[in-house]
>>> print(open('start_4.txt').read())   # compact mmCIF, C-alpha atoms and all ligand atoms
# COMPACT_ATOMS: atom_id res chain seq x y z
CA MET A 1 7.50 16.29 3.20
CA ALA A 2 10.64 15.57 1.16
CA THR A 3 8.79 14.75 -2.02
CA LEU A 4 9.64 15.83 -5.57
CA PRO A 5 7.76 18.44 -7.63
CA LEU A 6 4.73 17.33 -9.61
CA PRO A 7 5.94 16.27 -13.06
CA ASP A 8 4.22 17.60 -16.15
CA TYR A 9 1.83 14.80 -17.13
CA LYS A 10 -0.36 16.36 -19.77
CA ASP A 11 0.92 13.76 -22.28
CA LYS A 12 3.54 11.01 -22.46
CA ALA A 13 6.27 13.06 -24.13
CA SER A 14 5.94 15.90 -21.59
CA PHE A 15 5.96 13.38 -18.73
CA VAL A 16 9.10 11.57 -19.94
CA SER A 17 10.92 14.83 -20.48
CA SER A 18 9.76 16.28 -17.14
CA MET A 19 10.79 13.11 -15.26
CA SER A 20 14.23 13.14 -16.86
CA ARG A 21 14.73 16.61 -15.36
CA ILE A 22 13.63 15.69 -11.81
CA THR A 23 14.69 12.01 -11.48
CA ASN A 24 17.19 9.54 -12.90
CA HIS A 25 14.47 6.92 -13.56
CA ASP A 26 14.89 4.77 -16.66
CA LYS A 27 13.12 6.47 -19.57
CA ALA A 28 11.48 3.31 -20.96
CA MET A 29 10.10 2.54 -17.49
CA VAL A 30 8.82 6.09 -17.15
CA ALA A 31 7.00 5.78 -20.48
CA TRP A 32 5.42 2.47 -19.40
CA ARG A 33 4.45 4.02 -16.09
CA PHE A 34 2.60 6.73 -17.99
CA ASP A 35 0.70 4.12 -20.04
CA ARG A 36 -0.32 2.32 -16.84
CA PHE A 37 -1.33 5.67 -15.32
CA LYS A 38 -3.73 6.28 -18.22
CA ALA A 39 -5.20 2.78 -17.79
CA LEU A 40 -5.66 3.37 -14.04
CA LEU A 41 -7.62 6.54 -14.79
CA ASN A 42 -9.78 4.76 -17.40
CA ASN A 43 -10.49 1.98 -14.92
CA LYS A 44 -11.21 4.48 -12.09
CA ASP A 45 -8.51 2.91 -9.90
CA LEU A 46 -7.24 6.46 -9.76
CA VAL A 47 -9.86 9.15 -9.53
CA ALA A 48 -9.47 11.83 -12.20
CA GLY A 49 -8.47 15.10 -10.56
CA SER A 50 -6.93 13.43 -7.48
CA GLU A 51 -3.60 15.04 -8.00
CA LYS A 52 -1.87 13.77 -4.86
CA GLU A 53 -2.49 10.09 -5.73
CA ALA A 54 -1.58 10.72 -9.37
CA LYS A 55 1.68 12.27 -8.24
CA ALA A 56 2.44 9.37 -5.85
CA PHE A 57 1.95 6.85 -8.66
CA LEU A 58 3.88 8.83 -11.25
CA LEU A 59 6.89 9.43 -9.00
CA THR A 60 7.21 5.86 -7.67
CA ALA A 61 9.53 3.57 -9.62
CA ARG A 62 7.69 0.23 -9.30
CA GLU A 63 10.62 -1.44 -11.07
CA GLU A 64 12.79 -0.78 -7.97
CA PHE A 65 10.53 -3.06 -5.92
CA THR A 66 10.08 -6.03 -8.28
CA LEU A 67 12.44 -8.96 -8.67
CA GLN A 68 15.07 -8.37 -11.37
CA ARG A 69 13.46 -10.95 -13.65
CA ASN A 70 10.07 -9.23 -13.37
CA LYS A 71 11.26 -5.71 -14.20
CA PRO A 72 9.98 -6.00 -17.80
CA ARG A 73 6.54 -6.71 -16.29
CA ALA A 74 6.66 -3.96 -13.65
CA TYR A 75 3.74 -2.02 -15.15
CA ASP A 76 1.58 -4.98 -16.18
CA HIS A 77 -2.00 -5.16 -14.92
CA ALA A 78 -0.92 -8.08 -12.74
CA PHE A 79 0.39 -9.18 -9.38
CA LEU A 80 3.99 -10.44 -9.53
CA ASP A 81 5.99 -12.99 -7.59
CA ILE A 82 8.39 -11.37 -5.09
CA GLY A 83 9.77 -14.62 -3.64
CA TYR A 84 8.98 -16.32 -0.31
CA GLY A 85 5.63 -17.48 -1.73
CA VAL A 86 4.13 -13.97 -1.76
CA THR A 87 3.37 -11.28 -4.34
CA ILE A 88 3.38 -7.56 -5.04
CA SER A 89 -0.22 -6.54 -5.81
CA GLY A 90 -1.06 -5.16 -9.26
CA PRO A 91 -0.88 -1.36 -9.73
CA HIS A 92 -4.68 -1.20 -10.16
CA LEU A 93 -5.29 -2.70 -6.71
CA VAL A 94 -2.52 -0.68 -5.03
CA MET A 95 -3.98 2.57 -6.35
CA ARG A 96 -7.61 1.58 -5.69
CA MET A 97 -6.71 0.93 -2.04
CA THR A 98 -4.58 4.07 -1.80
CA SER A 99 -7.39 6.20 -3.26
CA ALA A 100 -9.91 4.72 -0.79
CA LEU A 101 -7.64 5.74 2.11
CA ASP A 102 -7.38 9.40 0.99
CA VAL A 103 -4.11 9.89 2.90
CA GLN A 104 -3.31 13.41 4.14
CA PRO A 105 0.27 14.67 4.76
CA ASP A 106 -0.01 14.56 8.56
CA ASP A 107 -1.82 11.22 8.70
CA LYS A 108 -0.06 8.50 10.62
CA VAL A 109 -0.31 5.41 8.42
CA LEU A 110 0.11 1.71 9.21
CA GLU A 111 0.50 -0.98 6.56
CA VAL A 112 0.25 -4.66 7.42
CA GLY A 113 2.21 -6.68 4.84
CA THR A 114 5.24 -4.68 3.64
CA GLY A 115 6.15 -7.29 1.02
CA SER A 116 8.19 -5.62 -1.73
CA GLY A 117 7.78 -2.14 -0.20
CA TYR A 118 5.96 -0.75 -3.27
CA GLN A 119 2.72 0.11 -1.46
CA SER A 120 4.61 1.84 1.36
CA ALA A 121 6.65 3.77 -1.22
CA ILE A 122 3.42 5.09 -2.75
CA LEU A 123 2.20 6.04 0.73
CA ALA A 124 5.50 7.81 1.49
CA HIS A 125 4.64 10.37 -1.19
CA LEU A 126 1.36 11.09 0.61
CA SER A 127 2.24 10.99 4.32
CA ASN A 128 5.21 11.99 6.46
CA ASN A 129 4.74 8.98 8.69
CA VAL A 130 4.33 5.52 7.17
CA ASN A 131 4.79 2.43 9.34
CA SER A 132 4.81 -1.05 7.85
CA VAL A 133 5.03 -4.53 9.35
CA GLU A 134 6.11 -7.71 7.53
CA ILE A 135 5.97 -11.21 9.00
CA ILE A 136 8.58 -12.85 6.74
CA GLU A 137 11.85 -11.78 8.36
CA PRO A 138 14.17 -12.22 5.31
CA LEU A 139 11.68 -10.34 3.12
CA HIS A 140 11.58 -7.53 5.70
CA GLU A 141 15.42 -7.44 5.62
CA ARG A 142 15.50 -7.40 1.82
CA THR A 143 12.98 -4.56 1.58
CA LYS A 144 14.81 -2.61 4.29
CA ALA A 145 17.95 -2.86 2.15
CA VAL A 146 16.01 -1.66 -0.95
CA TYR A 147 14.87 1.44 0.98
CA LYS A 148 18.36 2.06 2.37
CA LYS A 149 19.77 2.05 -1.16
CA LEU A 150 17.02 4.35 -2.44
CA VAL A 151 17.54 6.84 0.41
CA GLU A 152 21.33 6.77 -0.12
CA ALA A 153 20.71 7.47 -3.81
CA GLY A 154 18.95 10.71 -2.80
CA ASN A 155 15.29 9.64 -2.55
CA ALA A 156 14.76 11.45 0.76
CA VAL A 157 10.99 10.87 0.62
CA TYR A 158 11.53 7.25 1.65
CA GLN A 159 12.79 8.41 5.03
CA ASN A 160 9.05 8.67 5.76
CA VAL A 161 8.89 4.84 5.86
CA HIS A 162 9.49 2.91 9.09
CA LEU A 163 9.71 -0.87 8.81
CA LYS A 164 9.29 -3.59 11.39
CA SER A 165 9.50 -7.35 11.25
CA GLY A 166 6.70 -9.12 13.11
CA ASP A 167 3.11 -10.27 13.10
CA GLY A 168 0.98 -7.33 11.95
CA TYR A 169 -2.16 -8.85 13.51
CA HIS A 170 -1.07 -6.99 16.63
CA GLY A 171 -0.47 -3.76 14.70
CA TRP A 172 2.41 -1.58 15.86
CA GLU A 173 1.10 -0.13 19.08
CA GLU A 174 4.08 2.04 20.10
CA ASN A 175 3.82 4.10 16.88
CA GLY A 176 -0.02 4.39 16.86
CA PRO A 177 -2.80 5.40 16.90
CA TYR A 178 -3.13 5.58 13.12
CA ASN A 179 -5.35 7.78 10.97
CA LYS A 180 -5.10 5.27 8.14
CA ILE A 181 -4.47 1.51 8.14
CA ILE A 182 -3.99 -0.60 5.03
CA VAL A 183 -3.91 -4.39 5.19
CA THR A 184 -2.46 -6.21 2.19
CA CYS A 185 -3.07 -9.82 3.26
CA ALA A 186 -6.40 -11.63 3.47
CA ILE A 187 -8.26 -12.48 6.67
CA ASP A 188 -11.79 -13.59 7.63
CA HIS A 189 -12.32 -10.82 10.21
CA ILE A 190 -11.02 -7.38 11.13
CA PRO A 191 -8.26 -7.84 13.74
CA PRO A 192 -9.39 -6.21 17.02
CA PRO A 193 -5.90 -4.80 17.75
CA LEU A 194 -5.99 -2.93 14.42
CA LEU A 195 -9.45 -1.51 15.16
CA LYS A 196 -8.13 -0.40 18.54
CA GLN A 197 -5.09 1.29 17.00
CA LEU A 198 -7.28 3.11 14.44
CA ALA A 199 -7.72 6.73 15.60
CA PRO A 200 -11.18 8.31 15.91
CA ASN A 201 -12.39 9.17 12.36
CA GLY A 202 -9.69 6.82 11.07
CA VAL A 203 -10.07 4.68 7.96
CA MET A 204 -8.85 1.13 7.35
CA VAL A 205 -8.84 -0.71 4.02
CA ILE A 206 -8.69 -4.48 4.41
CA PRO A 207 -9.54 -7.58 2.31
CA VAL A 208 -11.97 -9.66 4.40
CA GLY A 209 -13.34 -13.05 3.39
CA PRO A 210 -12.42 -16.64 2.55
CA PRO A 211 -9.25 -17.65 0.63
CA GLY A 212 -9.37 -16.50 -3.00
CA LYS A 213 -12.48 -14.35 -2.60
CA GLN A 214 -12.38 -11.38 -0.26
CA THR A 215 -14.40 -8.20 -0.14
CA LEU A 216 -12.20 -5.12 -0.09
CA LEU A 217 -13.63 -3.30 2.90
CA LYS A 218 -13.32 0.36 3.80
CA VAL A 219 -13.80 0.52 7.56
CA GLN A 220 -14.50 3.88 9.19
CA LYS A 221 -14.31 4.38 12.93
CA SER A 222 -16.19 7.18 14.63
CA VAL A 223 -16.33 8.03 18.30
CA ASP A 224 -19.15 10.24 19.64
CA ALA A 225 -18.98 12.77 22.49
CA ASP A 226 -19.85 10.03 25.02
CA GLY A 227 -17.01 7.86 23.74
CA LYS A 228 -19.33 5.45 21.90
CA VAL A 229 -17.45 3.81 19.03
CA THR A 230 -19.24 3.13 15.71
CA ILE A 231 -17.68 1.06 12.95
CA ASN A 232 -19.03 1.58 9.44
CA ARG A 233 -18.07 -0.88 6.67
CA THR A 234 -18.45 -0.32 2.92
CA ASP A 235 -17.23 -2.34 -0.08
CA VAL A 236 -14.60 -0.37 -2.00
CA TYR A 237 -15.84 -2.04 -5.23
CA ASN A 238 -19.56 -1.62 -4.40
CA GLY A 239 -20.21 -5.35 -4.86
CA ARG A 240 -18.83 -5.36 -8.42
CA ARG A 241 -15.83 -7.60 -7.71
CA SER A 242 -13.93 -9.54 -5.10
CA VAL A 243 -10.17 -9.60 -4.55
CA SER A 244 -7.66 -12.36 -3.81
CA PHE A 245 -4.79 -11.58 -1.47
CA VAL A 246 -2.14 -13.85 0.05
CA PRO A 247 -3.20 -15.11 3.51
CA PHE A 248 -2.76 -13.24 6.78
CA THR A 249 -0.37 -15.68 8.45
CA LYS A 250 0.58 -16.24 12.08
CA GLU A 251 4.02 -16.36 13.59
CA GLY A 252 4.83 -20.05 14.07
CA GLY A 253 2.64 -21.10 11.10
CA GLY A 254 -1.01 -21.20 10.08
CA THR A 255 -3.35 -18.33 9.28
CA TRP A 256 -5.38 -16.03 11.47
CA SER A 257 -9.12 -16.66 11.72
CA GLY A 258 -11.79 -15.41 14.06
CA LYS A 259 -15.49 -14.94 14.59
CA GLY A 260 -15.85 -11.26 15.51
CA ASN A 261 -15.69 -8.22 13.19
CA ARG A 262 -16.49 -10.01 9.93
C1 LIG B 301 0.25 -9.07 -1.23
S1 LIG B 301 1.70 -9.27 -0.31
C2 LIG B 301 2.61 -7.80 -0.31
C3 LIG B 301 2.03 -6.55 -0.80
C4 LIG B 301 2.88 -5.36 -0.41
N1 LIG B 301 2.06 -4.38 0.20
C5 LIG B 301 3.69 -4.82 -1.57
O1 LIG B 301 3.55 -3.63 -1.89
O2 LIG B 301 4.50 -5.57 -2.13
C6 LIG B 301 1.15 -9.37 1.38
C7 LIG B 301 2.24 -9.42 2.40
O3 LIG B 301 1.62 -9.61 3.69
C8 LIG B 301 2.53 -10.34 4.48
N2 LIG B 301 1.85 -10.88 5.65
C9 LIG B 301 1.05 -11.97 5.75
N3 LIG B 301 0.64 -12.15 7.03
C10 LIG B 301 1.21 -11.13 7.76
C11 LIG B 301 1.18 -10.79 9.14
N4 LIG B 301 0.54 -11.51 10.04
N5 LIG B 301 1.86 -9.69 9.52
C12 LIG B 301 2.58 -8.94 8.62
N6 LIG B 301 2.65 -9.24 7.31
C13 LIG B 301 1.98 -10.32 6.88
C14 LIG B 301 3.06 -11.39 3.50
O4 LIG B 301 4.24 -11.99 3.96
C15 LIG B 301 3.24 -10.55 2.24
O5 LIG B 301 4.52 -10.00 2.16
>>> encode(input="start_4.txt", output="structure tokens")
Amino acid sequence: MATLPLPDYKDKASFVSSMSRITNHDKAMVAWRFDRFKALLNNKDLVAGSEKEAKAFLLTAREEFTLQRNKPRAYDHAFLDIGYGVTISGPHLVMRMTSALDVQPDDKVLEVGTGSGYQSAILAHLSNNVNSVEIIEPLHERTKAVYKKLVEAGNAVYQNVHLKSGDGYHGWEENGPYNKIIVTCAIDHIPPPLLKQLAPNGVMVIPVGPPGKQTLLKVQKSVDADGKVTINRTDVYNGRRSVSFVPFTKEGGGTWSGKGNR
């Protein structure tokens, strides 16, 4: 995987100095990123000792994925407007979901809801094969251009990301099955095509529930020797909180809803 070395992150000064040797990221942003990193650890959005997720967060320049006017807020504990009526999730939620997935280097990963591309950038530091689908065509084009620029500037790790414009309800069958699936838009059921494209022993993280109040589910699929499929659901937050994602929309308008797999 074309990722960078682990920066020294024992304290802020060491991190800023280490990052200035291995990247050309803005120093003030790097310092803010470190402050947010500490808050993520305190809040258990990042599990202490999970070095691969720590590295993914520390090496990803969130400011590259926000709107210009929101750069000064890139490391706030907040979701931010990215245009087209949608948002980039807050760093706490991105890292909570990423940690729940426990992505391994050879995992094939699918994201539904590319948005700004920040979540897929984090995933690109963890897996060689990240696939992401976005339904808003001009947003998909914009994010594709962001990645192109980053790769041309020498960030080879982002070659791990493959983007597609379309309705992610149907997954991305040609590139599957996936060991990990992450859904970043809210729906009232687990889409059957996504469950189908989840590999045996695969894990999906998905916000399921009504508008404004979803449970962040971790869905695990197991298949026994006779081919019997079992789906196990747990709440990533153990009932302590709900989440609020933008809706899982349909091509042609409206939102997806269904009765099965709630
Ligand atoms: C919370 S936002 C983006 C978060 C994104 N992961 C990021 O890092 O910026 C959710 C995204 O899901 C997209 N979305 C909604 N319904 C979709 C669908 N059916 N297929 C694919 N993307 C969808 C929205 O357009 C939006 O960009």
>>> atom_distance(input="start_4.txt", atom1="atom CA of A:Val103", atom2="atom CA of A:Gly49")
15.1 Å
>>> closest_residue(input="start_4.txt", among="A:Leu4, A:Ala153, A:Ala39, A:Val133", to="A:Ile22", atoms="only C-alpha atoms")
A:Leu4
>>> residues_around(input="start_4.txt", residues="A:Gly83", least_positions_apart="4", cutoff="9 Å", atoms="only C-alpha atoms", output="JSON list (two decimals) with C-alpha atoms, in the frame of the given file")
[["chain", "number", "residue", "atom", "x", "y", "z"],
["A", 67, "LEU", "CA", 12.44, -8.96, -8.67],
["A", 87, "THR", "CA", 3.37, -11.28, -4.34],
["A", 139, "LEU", "CA", 11.68, -10.34, 3.12]]
>>> residues_near_point(input="start_4.txt", point="(-7.3, 1.4, -10.4)", cutoff="12 Å", atoms="all atoms listed in the file", output="PyMOL selection string")
chain A and resi 36-48+53-54+57+77-78+89-100+236-237
>>> residues_around(input="start_4.txt", residues="A:Gly115", least_positions_apart="4", cutoff="10 Å", atoms="all atoms listed in the file", output="PyMOL selection string")
chain A and resi 65+82-84+86-89+119-120+132-136+139-140+142-143+184-185
>>> closest_atom_pairs(input="start_4.txt", of="stretch 73-184 of chain A", to="stretch 196-209 of chain A", cutoff="6 Å", atoms="only C-alpha atoms", output="JSON lines")
{"residue": "A:Gly176", "atom": "CA", "partner": "A:Gln197", "partner_atom": "CA", "distance": 5.9}
{"residue": "A:Pro177", "atom": "CA", "partner": "A:Gln197", "partner_atom": "CA", "distance": 4.7}
{"residue": "A:Tyr178", "atom": "CA", "partner": "A:Leu198", "partner_atom": "CA", "distance": 5.0}
{"residue": "A:Asn179", "atom": "CA", "partner": "A:Gly202", "partner_atom": "CA", "distance": 4.4}
{"residue": "A:Lys180", "atom": "CA", "partner": "A:Val203", "partner_atom": "CA", "distance": 5.0}
{"residue": "A:Ile181", "atom": "CA", "partner": "A:Met204", "partner_atom": "CA", "distance": 4.5}
{"residue": "A:Ile182", "atom": "CA", "partner": "A:Val205", "partner_atom": "CA", "distance": 5.0}
{"residue": "A:Val183", "atom": "CA", "partner": "A:Ile206", "partner_atom": "CA", "distance": 4.8}
>>> axis_aligned_box(input="start_4.txt", around="ligand LIG 301 (chain B)", padding_each_side="3 Å", output="JSON")
{"center_x": 2.4, "center_y": -7.9, "center_z": 4.0, "size_x": 10.3, "size_y": 14.5, "size_z": 18.2}
>>> atom_distance(input="start_4.txt", atom1="atom CA of A:Leu194", atom2="atom CA of A:Gly171")
5.6 Å
>>> residues_near_point(input="start_4.txt", point="(12.3, 15.0, 0.3)", cutoff="9 Å", atoms="only C-alpha atoms", output="ChimeraX atom specification")
/A:1-4,154-160
>>> atom_distance(input="start_4.txt", atom1="atom CA of A:Gly113", atom2="atom CA of A:Ala74")
19.2 Å
>>> residues_around(input="start_4.txt", residues="stretch 186-193 of chain A", least_positions_apart="4", cutoff="8 Å", atoms="all atoms listed in the file", output="list in words")
Tyr169, His170, Gly171, Gln197, Ile206, Pro207, Val208, Gly209, Pro210, Pro211, Gln214, Ser244, Phe245, Val246, Pro247, Phe248, Trp256, Ser257, Gly258, Lys259, Gly260, Asn261 and Arg262 of chain A
>>> closest_residue(input="start_4.txt", among="A:Lys218, A:Arg62, A:Lys213, A:Lys108", to="ligand LIG 301 (chain B)", atoms="all atoms listed in the file")
A:Arg62
>>> residues_around(input="start_4.txt", residues="A:Glu51", least_positions_apart="6", cutoff="12 Å", atoms="all atoms listed in the file", output="ChimeraX atom specification")
/A:5-9,41,57-59,99,102,125-126
>>> write_last_selection(input="start_4.txt", atoms="C-alpha atoms", output="PDB file, keeping the file's coordinate frame")
ATOM      1  CA  PRO A   5       7.760  18.440  -7.630  1.00  0.00           C
ATOM      2  CA  LEU A   6       4.730  17.330  -9.610  1.00  0.00           C
ATOM      3  CA  PRO A   7       5.940  16.270 -13.060  1.00  0.00           C
ATOM      4  CA  ASP A   8       4.220  17.600 -16.150  1.00  0.00           C
ATOM      5  CA  TYR A   9       1.830  14.800 -17.130  1.00  0.00           C
ATOM      6  CA  LEU A  41      -7.620   6.540 -14.790  1.00  0.00           C
ATOM      7  CA  PHE A  57       1.950   6.850  -8.660  1.00  0.00           C
ATOM      8  CA  LEU A  58       3.880   8.830 -11.250  1.00  0.00           C
ATOM      9  CA  LEU A  59       6.890   9.430  -9.000  1.00  0.00           C
ATOM     10  CA  SER A  99      -7.390   6.200  -3.260  1.00  0.00           C
ATOM     11  CA  ASP A 102      -7.380   9.400   0.990  1.00  0.00           C
ATOM     12  CA  HIS A 125       4.640  10.370  -1.190  1.00  0.00           C
ATOM     13  CA  LEU A 126       1.360  11.090   0.610  1.00  0.00           C
TER      14      LEU A 126
END
>>> closest_residue(input="start_4.txt", among="A:Leu110, A:Ser127, A:Val146, A:Arg241", to="A:Leu195", atoms="only C-alpha atoms")
A:Leu110
>>> closest_residue(input="start_4.txt", among="A:Thr66, A:Thr255, A:Thr230, A:Ser116", to="ligand LIG 301 (chain B)", atoms="all atoms listed in the file")
A:Ser116
>>> residues_around(input="start_4.txt", residues="A:Phe15", least_positions_apart="3", cutoff="12 Å", atoms="only C-alpha atoms", output="list in words")
Leu6, Pro7, Asp8, Tyr9, Lys10, Asp11, Lys12, Ser18, Met19, Ser20, Arg21, Ile22, Thr23, His25, Lys27, Ala28, Met29, Val30, Ala31, Trp32, Arg33, Phe34, Asp35, Phe37, Lys55, Leu58 and Leu59 of chain A
>>> closest_residue(input="start_4.txt", among="A:Lys228, A:Arg73, A:Arg233, A:His162", to="A:Tyr147", atoms="all atoms listed in the file")
A:His162
>>> closest_residue(input="start_4.txt", among="A:Glu174, A:Asp81, A:Asp167, A:Glu137", to="ligand LIG 301 (chain B)", atoms="only C-alpha atoms and all ligand atoms")
A:Asp167
>>> build_atoms(input="start_4.txt", residues="stretch 105-127 of chain A", atoms="N, CA and C atoms", output="PDB file, keeping the file's coordinate frame")
ATOM      1  N   PRO A 105      -1.161  14.602   4.395  1.00  0.00           N
ATOM      2  CA  PRO A 105       0.270  14.670   4.760  1.00  0.00           C
ATOM      3  C   PRO A 105       0.570  14.372   6.227  1.00  0.00           C
ATOM      4  N   ASP A 106      -0.312  14.793   7.145  1.00  0.00           N
ATOM      5  CA  ASP A 106      -0.010  14.560   8.560  1.00  0.00           C
ATOM      6  C   ASP A 106      -0.638  13.287   9.107  1.00  0.00           C
ATOM      7  N   ASP A 107      -1.267  12.498   8.244  1.00  0.00           N
ATOM      8  CA  ASP A 107      -1.820  11.220   8.700  1.00  0.00           C
ATOM      9  C   ASP A 107      -0.700  10.281   9.122  1.00  0.00           C
ATOM     10  N   LYS A 108      -0.949   9.582  10.232  1.00  0.00           N
ATOM     11  CA  LYS A 108      -0.060   8.500  10.620  1.00  0.00           C
ATOM     12  C   LYS A 108      -0.637   7.249   9.959  1.00  0.00           C
ATOM     13  N   VAL A 109       0.184   6.542   9.204  1.00  0.00           N
ATOM     14  CA  VAL A 109      -0.310   5.410   8.420  1.00  0.00           C
ATOM     15  C   VAL A 109       0.359   4.117   8.870  1.00  0.00           C
ATOM     16  N   LEU A 110      -0.440   3.050   8.945  1.00  0.00           N
ATOM     17  CA  LEU A 110       0.110   1.710   9.210  1.00  0.00           C
ATOM     18  C   LEU A 110      -0.242   0.803   8.039  1.00  0.00           C
ATOM     19  N   GLU A 111       0.746   0.078   7.556  1.00  0.00           N
ATOM     20  CA  GLU A 111       0.500  -0.980   6.560  1.00  0.00           C
ATOM     21  C   GLU A 111       0.814  -2.318   7.202  1.00  0.00           C
ATOM     22  N   VAL A 112      -0.053  -3.292   7.001  1.00  0.00           N
ATOM     23  CA  VAL A 112       0.250  -4.660   7.420  1.00  0.00           C
ATOM     24  C   VAL A 112       0.549  -5.448   6.147  1.00  0.00           C
ATOM     25  N   GLY A 113       1.794  -5.943   6.035  1.00  0.00           N
ATOM     26  CA  GLY A 113       2.210  -6.680   4.840  1.00  0.00           C
ATOM     27  C   GLY A 113       3.097  -5.835   3.946  1.00  0.00           C
ATOM     28  N   THR A 114       4.315  -5.537   4.403  1.00  0.00           N
ATOM     29  CA  THR A 114       5.240  -4.680   3.640  1.00  0.00           C
ATOM     30  C   THR A 114       5.570  -5.283   2.278  1.00  0.00           C
ATOM     31  N   GLY A 115       5.783  -6.606   2.258  1.00  0.00           N
ATOM     32  CA  GLY A 115       6.150  -7.290   1.020  1.00  0.00           C
ATOM     33  C   GLY A 115       7.323  -6.615   0.336  1.00  0.00           C
ATOM     34  N   SER A 116       7.119  -6.242  -0.933  1.00  0.00           N
ATOM     35  CA  SER A 116       8.190  -5.620  -1.730  1.00  0.00           C
ATOM     36  C   SER A 116       8.519  -4.204  -1.278  1.00  0.00           C
ATOM     37  N   GLY A 117       7.581  -3.548  -0.574  1.00  0.00           N
ATOM     38  CA  GLY A 117       7.780  -2.140  -0.200  1.00  0.00           C
ATOM     39  C   GLY A 117       7.131  -1.166  -1.174  1.00  0.00           C
ATOM     40  N   TYR A 118       6.524  -1.671  -2.265  1.00  0.00           N
ATOM     41  CA  TYR A 118       5.960  -0.750  -3.270  1.00  0.00           C
ATOM     42  C   TYR A 118       4.788   0.061  -2.700  1.00  0.00           C
ATOM     43  N   GLN A 119       3.872  -0.609  -2.013  1.00  0.00           N
ATOM     44  CA  GLN A 119       2.720   0.110  -1.460  1.00  0.00           C
ATOM     45  C   GLN A 119       3.183   1.180  -0.453  1.00  0.00           C
ATOM     46  N   SER A 120       4.150   0.840   0.385  1.00  0.00           N
ATOM     47  CA  SER A 120       4.610   1.840   1.360  1.00  0.00           C
ATOM     48  C   SER A 120       5.341   2.986   0.664  1.00  0.00           C
ATOM     49  N   ALA A 121       5.979   2.696  -0.465  1.00  0.00           N
ATOM     50  CA  ALA A 121       6.650   3.770  -1.220  1.00  0.00           C
ATOM     51  C   ALA A 121       5.617   4.755  -1.764  1.00  0.00           C
ATOM     52  N   ILE A 122       4.513   4.220  -2.276  1.00  0.00           N
ATOM     53  CA  ILE A 122       3.420   5.090  -2.750  1.00  0.00           C
ATOM     54  C   ILE A 122       2.929   5.959  -1.581  1.00  0.00           C
ATOM     55  N   LEU A 123       2.722   5.324  -0.443  1.00  0.00           N
ATOM     56  CA  LEU A 123       2.200   6.040   0.730  1.00  0.00           C
ATOM     57  C   LEU A 123       3.182   7.113   1.214  1.00  0.00           C
ATOM     58  N   ALA A 124       4.484   6.852   1.037  1.00  0.00           N
ATOM     59  CA  ALA A 124       5.500   7.810   1.490  1.00  0.00           C
ATOM     60  C   ALA A 124       5.413   9.134   0.746  1.00  0.00           C
ATOM     61  N   HIS A 125       4.822   9.114  -0.453  1.00  0.00           N
ATOM     62  CA  HIS A 125       4.640  10.370  -1.190  1.00  0.00           C
ATOM     63  C   HIS A 125       3.409  11.133  -0.697  1.00  0.00           C
ATOM     64  N   LEU A 126       2.613  10.475   0.149  1.00  0.00           N
ATOM     65  CA  LEU A 126       1.360  11.090   0.610  1.00  0.00           C
ATOM     66  C   LEU A 126       1.403  11.477   2.083  1.00  0.00           C
ATOM     67  N   SER A 127       2.191  10.749   2.871  1.00  0.00           N
ATOM     68  CA  SER A 127       2.240  10.990   4.320  1.00  0.00           C
ATOM     69  C   SER A 127       3.690  11.061   4.805  1.00  0.00           C
TER      70      SER A 127
END
